[in-house]
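> Please read through the structure below; I'll follow up with questions.
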Amino acid sequence: MELKIGQCIVQARHKNKITQAELANFLGVSKAAVSKWESGASYPDITILPKIATYFNLSIDDLIGYEPQMTKEEIRKTYIRLRNRFETDTPKEVLEECESLIQKYYSCFPFLKQMAVLFMNHANLFEKPDLLYDKALFLIERVRTHSDNADEVKESINLQATIYILTNQPERALEIVDETIKPTIPDIELVAQIQHLMGETKKASATYQIAIYQHVISLISDASPYLLLHASNAPRAKEIINRTLAVAKAFQLNRLHPNSMLNFYLTAAQIYCLYQETENALSMLEEYGNICKKYLFPVTLHGDDFFDELDAWFEEFDIGNGAPRGNALIQESLIAAIRNNPAFSLLQNQPRFQTLLQQLEQLNC
């Protein structure tokens, strides 16, 4: 950890209009010793630190420049900076800085949680992704074990289960989540009801809007795996596609939440390829391409004319309304999801398919 004792002493002296000689006389050391501390050539003896701190009315942590916690804004800026570094530097170089920051802020649990998220979102850049997942799990376990914030603990459990799913360990994921499905009212609806009863109409409106938004996005997100579960039942699968697209059209989700729609169009295209329905598959992929061209970049969470009370809520997210990965990495994944998908071997020689790939490669991110 980088100590900033010398800088702190200089700042404290200047603030209190104390000379080096006056400080040295109070501490019983030479003026040269104080000069060396301030230049960084040496550090005060540990037994003198309390006396220096008392003299300037500082805590020991303030004196040595120790910052065990980061603010929410500092965490957000650090995440975005490291996310962007993954696009310009080698993964190893970025990981080295991450590990250095983790050592420095080992007791800042919100920061550790975000570092785990960063590792999860960039694990595929490493030759051995499981090493990044293991690092993320280690950080998450520390948050779960030591944080006294219930929300942080709950989020950590969800992240841990997600990693086990990504690494094909469903049994371990099941160990840490409750499999029992209970028809309960979500917290957000309870908050909205309370706000309404208290006459806080404006707050209640915003809270209900957030709830509706979450339900709609969850519906689309759940539709993709649900569709795959019914791939062997063509009539059922096509009804899932039709109903999901009807909801998407009603809420203009191509524009409102392009990421969830990209995943659904990709899944629908795979299903149509399974049925050898080339035209329908290409139509789904062209919708995928249109979203990428028109609505995806810059990748941000946002509302629209209907969901017009969401922006303040998005700003409260851990990394704001931005994406967890950089635009260049997102573009690479968009192309890879098409080009490297064996489900689309049926379409490889189709001119419309090749045109789509070219358009994705030419995106201005």
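Note on naming: chains are A, B, ... as they come in the structure tokens, residues start from 1 per chain, ligands start from 1 in the order shown.
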Using only C-alpha atoms, which protein or nucleic acid residues come within 12 Å of segment 46-54 of chain A? Drop anything in the same chain fewer than 4 positions from it, and give the result as number ranges by chain.
A: 5-6, 8-10, 12-13, 23-29, 34, 37, 42, 58-65
> When you look at Gly320 of chain A with a cut-off of 9 Å (counting only C-alpha atoms), what residues show up, excluding the ones that are within fewer than 4 positions of it in the same chain? I need them as a PDB file with all heavy atoms, in the first residue's frame.

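Written output follows (part.pdb):
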```
ATOM      1  N   ARG A  76     -17.717   3.365  -9.040  1.00  0.00           N
ATOM      2  CA  ARG A  76     -18.267   3.416 -10.396  1.00  0.00           C
ATOM      3  C   ARG A  76     -17.193   3.827 -11.403  1.00  0.00           C
ATOM      4  O   ARG A  76     -17.019   3.194 -12.453  1.00  0.00           O
ATOM      5  CB  ARG A  76     -19.434   4.392 -10.440  1.00  0.00           C
ATOM      6  CG  ARG A  76     -20.060   4.560 -11.811  1.00  0.00           C
ATOM      7  CD  ARG A  76     -21.183   5.588 -11.783  1.00  0.00           C
ATOM      8  NE  ARG A  76     -22.253   5.190 -10.882  1.00  0.00           N
ATOM      9  CZ  ARG A  76     -23.366   5.891 -10.705  1.00  0.00           C
ATOM     10  NH1 ARG A  76     -23.548   7.034 -11.356  1.00  0.00           N
ATOM     11  NH2 ARG A  76     -24.305   5.464  -9.886  1.00  0.00           N
ATOM     12  N   THR A 300     -26.558   1.968 -23.076  1.00  0.00           N
ATOM     13  CA  THR A 300     -26.993   2.608 -21.830  1.00  0.00           C
ATOM     14  C   THR A 300     -28.405   2.159 -21.496  1.00  0.00           C
ATOM     15  O   THR A 300     -29.195   1.844 -22.389  1.00  0.00           O
ATOM     16  CB  THR A 300     -26.997   4.147 -21.947  1.00  0.00           C
ATOM     17  OG1 THR A 300     -27.838   4.529 -23.046  1.00  0.00           O
ATOM     18  CG2 THR A 300     -25.603   4.689 -22.149  1.00  0.00           C
ATOM     19  N   LEU A 301     -28.700   2.127 -20.222  1.00  0.00           N
ATOM     20  CA  LEU A 301     -30.071   1.903 -19.779  1.00  0.00           C
ATOM     21  C   LEU A 301     -30.805   3.242 -19.824  1.00  0.00           C
ATOM     22  O   LEU A 301     -30.273   4.260 -19.424  1.00  0.00           O
ATOM     23  CB  LEU A 301     -30.086   1.347 -18.356  1.00  0.00           C
ATOM     24  CG  LEU A 301     -29.517  -0.060 -18.182  1.00  0.00           C
ATOM     25  CD1 LEU A 301     -29.368  -0.387 -16.704  1.00  0.00           C
ATOM     26  CD2 LEU A 301     -30.395  -1.093 -18.873  1.00  0.00           C
ATOM     27  N   PHE A 314     -31.889   4.505 -12.652  1.00  0.00           N
ATOM     28  CA  PHE A 314     -30.727   3.939 -13.336  1.00  0.00           C
ATOM     29  C   PHE A 314     -29.428   4.540 -12.799  1.00  0.00           C
ATOM     30  O   PHE A 314     -28.422   3.844 -12.668  1.00  0.00           O
ATOM     31  CB  PHE A 314     -30.813   4.182 -14.844  1.00  0.00           C
ATOM     32  CG  PHE A 314     -31.874   3.380 -15.547  1.00  0.00           C
ATOM     33  CD1 PHE A 314     -32.664   3.958 -16.533  1.00  0.00           C
ATOM     34  CD2 PHE A 314     -32.081   2.048 -15.233  1.00  0.00           C
ATOM     35  CE1 PHE A 314     -33.643   3.229 -17.190  1.00  0.00           C
ATOM     36  CE2 PHE A 314     -33.061   1.296 -15.882  1.00  0.00           C
ATOM     37  CZ  PHE A 314     -33.846   1.901 -16.858  1.00  0.00           C
ATOM     38  N   GLU A 315     -29.448   5.826 -12.498  1.00  0.00           N
ATOM     39  CA  GLU A 315     -28.240   6.488 -12.015  1.00  0.00           C
ATOM     40  C   GLU A 315     -27.779   5.935 -10.669  1.00  0.00           C
ATOM     41  O   GLU A 315     -26.609   6.070 -10.308  1.00  0.00           O
ATOM     42  CB  GLU A 315     -28.472   7.997 -11.899  1.00  0.00           C
ATOM     43  CG  GLU A 315     -28.535   8.719 -13.237  1.00  0.00           C
ATOM     44  CD  GLU A 315     -27.233   8.628 -14.010  1.00  0.00           C
ATOM     45  OE1 GLU A 315     -26.162   8.584 -13.371  1.00  0.00           O
ATOM     46  OE2 GLU A 315     -27.284   8.563 -15.252  1.00  0.00           O
ATOM     47  N   GLU A 316     -28.697   5.304  -9.938  1.00  0.00           N
ATOM     48  CA  GLU A 316     -28.342   4.734  -8.642  1.00  0.00           C
ATOM     49  C   GLU A 316     -27.692   3.362  -8.761  1.00  0.00           C
ATOM     50  O   GLU A 316     -27.201   2.817  -7.774  1.00  0.00           O
ATOM     51  CB  GLU A 316     -29.593   4.630  -7.753  1.00  0.00           C
ATOM     52  CG  GLU A 316     -30.145   5.975  -7.311  1.00  0.00           C
ATOM     53  CD  GLU A 316     -29.145   6.754  -6.481  1.00  0.00           C
ATOM     54  OE1 GLU A 316     -28.535   6.152  -5.575  1.00  0.00           O
ATOM     55  OE2 GLU A 316     -28.964   7.954  -6.747  1.00  0.00           O
TER      56      GLU A 316
END
```
> Using atom CA of Leu360 of chain A and atom CA of Leu334 of chain A as the two end points, give the distance in Å to one decimal.
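Between atom CA of Leu360 of chain A and atom CA of Leu334 of chain A the gap is 7.6 Å.
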> List every residue of segment 115-287 of chain A that DSSP, applied to the backbone of this structure, assigns to alpha helix (DSSP H), and report them as a PyMOL selection string.
chain A and resi 115-122+129-146+150-166+170-176+187-197+201-229+234-250+253-256+258-274+278-287
> Would you mind telling me which residue in A:Cys365, A:Phe138, A:Ile102, A:Thr267 lies nearest to Ala337 of chain A when using only C-alpha atoms?
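Using only C-alpha atoms, the shortest distance to Ala337 of chain A belongs to A:Thr267.
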> Quick one: of A:Glu87, A:Asp134, A:Glu152, A:Glu96, who's nearest to Ala328 of chain A, counting only C-alpha atoms?
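Comparing A:Glu87, A:Asp134, A:Glu152, A:Glu96 against Ala328 of chain A, the winner is A:Glu87.
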> Excluding Glu73 of chain A and residues on its chain fewer than 3 positions from it, collect all residues at most 12 Å away from it, counting only C-alpha atoms, and give them as a VMD selection string.
chain A and resid 69 to 70 76 to 80 110 to 111 315 to 320
> Selection from above, N, CA, C and O atoms, as a PDB file, in the first residue's frame, can you write it?

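And here is the file that came out, part.pdb:
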```pdb
ATOM      1  N   GLN A  69     -11.985   2.608   2.424  1.00  0.00           N
ATOM      2  CA  GLN A  69     -13.276   2.582   1.750  1.00  0.00           C
ATOM      3  C   GLN A  69     -13.260   3.497   0.529  1.00  0.00           C
ATOM      4  O   GLN A  69     -12.534   4.489   0.479  1.00  0.00           O
ATOM      5  N   MET A  70     -14.074   3.134  -0.445  1.00  0.00           N
ATOM      6  CA  MET A  70     -14.270   3.976  -1.617  1.00  0.00           C
ATOM      7  C   MET A  70     -15.728   4.423  -1.625  1.00  0.00           C
ATOM      8  O   MET A  70     -16.613   3.683  -1.192  1.00  0.00           O
ATOM      9  N   ARG A  76     -17.717   3.365  -9.040  1.00  0.00           N
ATOM     10  CA  ARG A  76     -18.267   3.416 -10.396  1.00  0.00           C
ATOM     11  C   ARG A  76     -17.193   3.827 -11.403  1.00  0.00           C
ATOM     12  O   ARG A  76     -17.019   3.194 -12.453  1.00  0.00           O
ATOM     13  N   LYS A  77     -16.459   4.900 -11.091  1.00  0.00           N
ATOM     14  CA  LYS A  77     -15.421   5.391 -11.999  1.00  0.00           C
ATOM     15  C   LYS A  77     -14.305   4.363 -12.172  1.00  0.00           C
ATOM     16  O   LYS A  77     -13.776   4.184 -13.276  1.00  0.00           O
ATOM     17  N   THR A  78     -13.958   3.683 -11.072  1.00  0.00           N
ATOM     18  CA  THR A  78     -12.896   2.673 -11.150  1.00  0.00           C
ATOM     19  C   THR A  78     -13.337   1.502 -12.010  1.00  0.00           C
ATOM     20  O   THR A  78     -12.562   1.004 -12.842  1.00  0.00           O
ATOM     21  N   TYR A  79     -14.571   1.055 -11.844  1.00  0.00           N
ATOM     22  CA  TYR A  79     -15.073  -0.054 -12.657  1.00  0.00           C
ATOM     23  C   TYR A  79     -15.034   0.316 -14.135  1.00  0.00           C
ATOM     24  O   TYR A  79     -14.554  -0.463 -14.975  1.00  0.00           O
ATOM     25  N   ILE A  80     -15.530   1.503 -14.475  1.00  0.00           N
ATOM     26  CA  ILE A  80     -15.592   1.921 -15.879  1.00  0.00           C
ATOM     27  C   ILE A  80     -14.177   2.045 -16.463  1.00  0.00           C
ATOM     28  O   ILE A  80     -13.924   1.640 -17.603  1.00  0.00           O
ATOM     29  N   PRO A 110     -18.524  -3.189  -1.044  1.00  0.00           N
ATOM     30  CA  PRO A 110     -19.156  -2.836  -2.322  1.00  0.00           C
ATOM     31  C   PRO A 110     -18.163  -2.859  -3.486  1.00  0.00           C
ATOM     32  O   PRO A 110     -18.507  -3.256  -4.596  1.00  0.00           O
ATOM     33  N   PHE A 111     -16.913  -2.465  -3.203  1.00  0.00           N
ATOM     34  CA  PHE A 111     -15.887  -2.498  -4.242  1.00  0.00           C
ATOM     35  C   PHE A 111     -15.523  -3.936  -4.598  1.00  0.00           C
ATOM     36  O   PHE A 111     -15.388  -4.279  -5.778  1.00  0.00           O
ATOM     37  N   GLU A 315     -29.448   5.826 -12.498  1.00  0.00           N
ATOM     38  CA  GLU A 315     -28.240   6.488 -12.015  1.00  0.00           C
ATOM     39  C   GLU A 315     -27.779   5.935 -10.669  1.00  0.00           C
ATOM     40  O   GLU A 315     -26.609   6.070 -10.308  1.00  0.00           O
ATOM     41  N   GLU A 316     -28.697   5.304  -9.938  1.00  0.00           N
ATOM     42  CA  GLU A 316     -28.342   4.734  -8.642  1.00  0.00           C
ATOM     43  C   GLU A 316     -27.692   3.362  -8.761  1.00  0.00           C
ATOM     44  O   GLU A 316     -27.201   2.817  -7.774  1.00  0.00           O
ATOM     45  N   PHE A 317     -27.663   2.781  -9.956  1.00  0.00           N
ATOM     46  CA  PHE A 317     -27.038   1.472 -10.146  1.00  0.00           C
ATOM     47  C   PHE A 317     -25.550   1.582  -9.826  1.00  0.00           C
ATOM     48  O   PHE A 317     -24.945   2.655  -9.927  1.00  0.00           O
ATOM     49  N   ASP A 318     -24.946   0.443  -9.478  1.00  0.00           N
ATOM     50  CA  ASP A 318     -23.545   0.435  -9.057  1.00  0.00           C
ATOM     51  C   ASP A 318     -22.619   1.083 -10.080  1.00  0.00           C
ATOM     52  O   ASP A 318     -21.683   1.787  -9.717  1.00  0.00           O
ATOM     53  N   ILE A 319     -22.843   0.816 -11.369  1.00  0.00           N
ATOM     54  CA  ILE A 319     -21.999   1.445 -12.394  1.00  0.00           C
ATOM     55  C   ILE A 319     -22.830   2.395 -13.252  1.00  0.00           C
ATOM     56  O   ILE A 319     -22.525   2.656 -14.410  1.00  0.00           O
ATOM     57  N   GLY A 320     -23.897   2.933 -12.676  1.00  0.00           N
ATOM     58  CA  GLY A 320     -24.728   3.883 -13.393  1.00  0.00           C
ATOM     59  C   GLY A 320     -25.541   3.203 -14.479  1.00  0.00           C
ATOM     60  O   GLY A 320     -25.891   2.027 -14.383  1.00  0.00           O
TER      61      GLY A 320
END
```
> Do you know which residues are at most 8 Å from Pro324 of chain A counting only C-alpha atoms, after dropping those on the same chain fewer than 2 positions away, and could you put them as JSON, numbers by chain?
{"A": [80, 83, 118, 121, 319, 322, 326]}
> Could you tell me how far atom CA of Leu274 of chain A lies from atom CA of Thr355 of chain A, in Å and to one decimal?
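Computing the Euclidean distance for atom CA of Leu274 of chain A and atom CA of Thr355 of chain A yields 21.6 Å.
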> Please produce, as CSV, a per-residue contact table for segment 268-364 of chain A versus segment 236-248 of chain A (criterion: any atom at most 9 Å away, only C-alpha atoms considered), showing the nearest atom pair and its distance in Å to one decimal, sorted by chain then residue number.

```
residue,atom,partner,partner_atom,distance
A:Ala268,CA,A:Ile241,CA,6.8
A:Ile271,CA,A:Ala237,CA,8.0
A:Tyr272,CA,A:Lys238,CA,8.8
```
> Could you write out that same residue set with N, CA, C and O atoms as a CSV table (one decimal), in the first residue's frame?

```csv
chain,number,residue,atom,x,y,z
A,268,ALA,N,-34.7,-17.3,-31.0
A,268,ALA,CA,-35.8,-17.6,-32.0
A,268,ALA,C,-35.2,-18.1,-33.3
A,268,ALA,O,-35.7,-19.0,-33.9
A,271,ILE,N,-34.1,-21.6,-33.0
A,271,ILE,CA,-35.3,-22.5,-33.1
A,271,ILE,C,-35.8,-22.7,-34.5
A,271,ILE,O,-36.0,-23.9,-34.9
A,272,TYR,N,-35.8,-21.7,-35.3
A,272,TYR,CA,-36.3,-21.8,-36.7
A,272,TYR,C,-35.3,-22.6,-37.5
A,272,TYR,O,-35.7,-23.3,-38.4
```
> Considering only C-alpha atoms, give me a table of residues in segment 71-139 of chain A that are at most 8 Å from segment 163-168 of chain A, with the closest atom pair and distance in Å for each, as a tab-separated table.

```
residue	atom	partner	partner_atom	distance
A:Met120	CA	A:Ile163	CA	7.5
A:Asp130	CA	A:Thr167	CA	7.6
A:Tyr133	CA	A:Ile163	CA	6.7
A:Leu137	CA	A:Ile163	CA	7.6
```
> I'd like to know which of A:Pro91, A:Ala269, A:Asn364, A:Asp151 is closest to Pro129 of chain A, using only C-alpha atoms.
A:Pro91
> Name the closest residue to Ile188 of chain A among the candidates A:Lys154, A:Leu310, A:Thr201, A:Ile212; distances are taken between atoms, counting only C-alpha atoms.
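Closest to Ile188 of chain A, using only C-alpha atoms: A:Ile212.
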> Hey, which of A:Ala312, A:Ile217, A:Leu266, A:Cys98 ends up closest to Ala343 of chain A? Count only C-alpha atoms.
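Counting only C-alpha atoms, the residue closest to Ala343 of chain A is A:Leu266.
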> State, in Å with one decimal place, the distance from atom CA of Ala206 of chain A to atom CA of Pro186 of chain A.
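Separation between atom CA of Ala206 of chain A and atom CA of Pro186 of chain A: 15.6 Å.
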> Pull the closest atom pair for each residue of segment 169-261 of chain A that gets at most 10 Å from segment 280-299 of chain A, along with the distance in Å to one decimal, counting only C-alpha atoms, ordering rows by chain and then ascending residue number, as a Markdown table.

```
| residue | atom | partner | partner_atom | distance |
| --- | --- | --- | --- | --- |
| A:Leu253 | CA | A:Ile291 | CA | 9.9 |
| A:Asn254 | CA | A:Ile291 | CA | 6.2 |
| A:Arg255 | CA | A:Tyr295 | CA | 5.5 |
| A:Leu256 | CA | A:Tyr295 | CA | 8.3 |
| A:His257 | CA | A:Leu296 | CA | 8.5 |
| A:Pro258 | CA | A:Leu296 | CA | 6.0 |
| A:Asn259 | CA | A:Leu296 | CA | 7.4 |
| A:Met261 | CA | A:Tyr288 | CA | 7.8 |
```
> Choose the residue, out of A:His230, A:Lys249, A:His215, A:Lys72, that has the smallest atom-to-atom separation from Gln114 of chain A; count only C-alpha atoms.
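With only C-alpha atoms as the atom set, the closest residue is A:Lys72.
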> Find the residues near Leu190 of chain A: any atom within 12 Å, counting only C-alpha atoms, skip ones fewer than 4 places away on the same chain, and give them as a list in words.
Thr184, Ile185, Pro186, Ile194, Gln195, His196, Leu197, Ala204, Thr207, Tyr208 and Ala211 of chain A
> Please dump the current selection as a PDB file, in the first residue's frame; keep N, CA, C and O atoms.

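To be explicit, this is the file written out as selection05.pdb:
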```
ATOM      1  N   THR A 184     -45.183 -14.452  -3.343  1.00  0.00           N
ATOM      2  CA  THR A 184     -45.104 -13.296  -2.446  1.00  0.00           C
ATOM      3  C   THR A 184     -45.159 -11.999  -3.240  1.00  0.00           C
ATOM      4  O   THR A 184     -44.834 -11.965  -4.424  1.00  0.00           O
ATOM      5  N   ILE A 185     -45.540 -10.933  -2.560  1.00  0.00           N
ATOM      6  CA  ILE A 185     -45.534  -9.614  -3.187  1.00  0.00           C
ATOM      7  C   ILE A 185     -44.106  -9.077  -3.130  1.00  0.00           C
ATOM      8  O   ILE A 185     -43.534  -8.966  -2.046  1.00  0.00           O
ATOM      9  N   PRO A 186     -43.504  -8.741  -4.266  1.00  0.00           N
ATOM     10  CA  PRO A 186     -42.138  -8.207  -4.246  1.00  0.00           C
ATOM     11  C   PRO A 186     -42.048  -6.935  -3.402  1.00  0.00           C
ATOM     12  O   PRO A 186     -43.016  -6.182  -3.272  1.00  0.00           O
ATOM     13  N   ILE A 194     -47.251   1.528   0.056  1.00  0.00           N
ATOM     14  CA  ILE A 194     -47.067   2.377   1.237  1.00  0.00           C
ATOM     15  C   ILE A 194     -47.002   3.849   0.824  1.00  0.00           C
ATOM     16  O   ILE A 194     -47.627   4.708   1.450  1.00  0.00           O
ATOM     17  N   GLN A 195     -46.249   4.128  -0.229  1.00  0.00           N
ATOM     18  CA  GLN A 195     -46.145   5.504  -0.710  1.00  0.00           C
ATOM     19  C   GLN A 195     -47.511   6.049  -1.121  1.00  0.00           C
ATOM     20  O   GLN A 195     -47.844   7.203  -0.826  1.00  0.00           O
ATOM     21  N   HIS A 196     -48.302   5.205  -1.780  1.00  0.00           N
ATOM     22  CA  HIS A 196     -49.639   5.627  -2.226  1.00  0.00           C
ATOM     23  C   HIS A 196     -50.539   5.937  -1.028  1.00  0.00           C
ATOM     24  O   HIS A 196     -51.233   6.964  -0.992  1.00  0.00           O
ATOM     25  N   LEU A 197     -50.514   5.067  -0.026  1.00  0.00           N
ATOM     26  CA  LEU A 197     -51.347   5.271   1.165  1.00  0.00           C
ATOM     27  C   LEU A 197     -50.940   6.521   1.941  1.00  0.00           C
ATOM     28  O   LEU A 197     -51.770   7.158   2.598  1.00  0.00           O
ATOM     29  N   ALA A 204     -44.979   7.137  -5.569  1.00  0.00           N
ATOM     30  CA  ALA A 204     -45.656   5.873  -5.852  1.00  0.00           C
ATOM     31  C   ALA A 204     -45.677   5.604  -7.351  1.00  0.00           C
ATOM     32  O   ALA A 204     -45.474   4.468  -7.802  1.00  0.00           O
ATOM     33  N   THR A 207     -42.266   4.449  -8.457  1.00  0.00           N
ATOM     34  CA  THR A 207     -41.988   3.103  -7.955  1.00  0.00           C
ATOM     35  C   THR A 207     -42.767   2.052  -8.725  1.00  0.00           C
ATOM     36  O   THR A 207     -42.223   0.994  -9.098  1.00  0.00           O
ATOM     37  N   TYR A 208     -44.040   2.311  -9.000  1.00  0.00           N
ATOM     38  CA  TYR A 208     -44.818   1.372  -9.806  1.00  0.00           C
ATOM     39  C   TYR A 208     -44.242   1.249 -11.216  1.00  0.00           C
ATOM     40  O   TYR A 208     -44.238   0.171 -11.815  1.00  0.00           O
ATOM     41  N   ALA A 211     -41.406  -1.042 -11.136  1.00  0.00           N
ATOM     42  CA  ALA A 211     -41.884  -2.420 -10.999  1.00  0.00           C
ATOM     43  C   ALA A 211     -42.370  -2.964 -12.341  1.00  0.00           C
ATOM     44  O   ALA A 211     -42.051  -4.097 -12.729  1.00  0.00           O
TER      45      ALA A 211
END
```
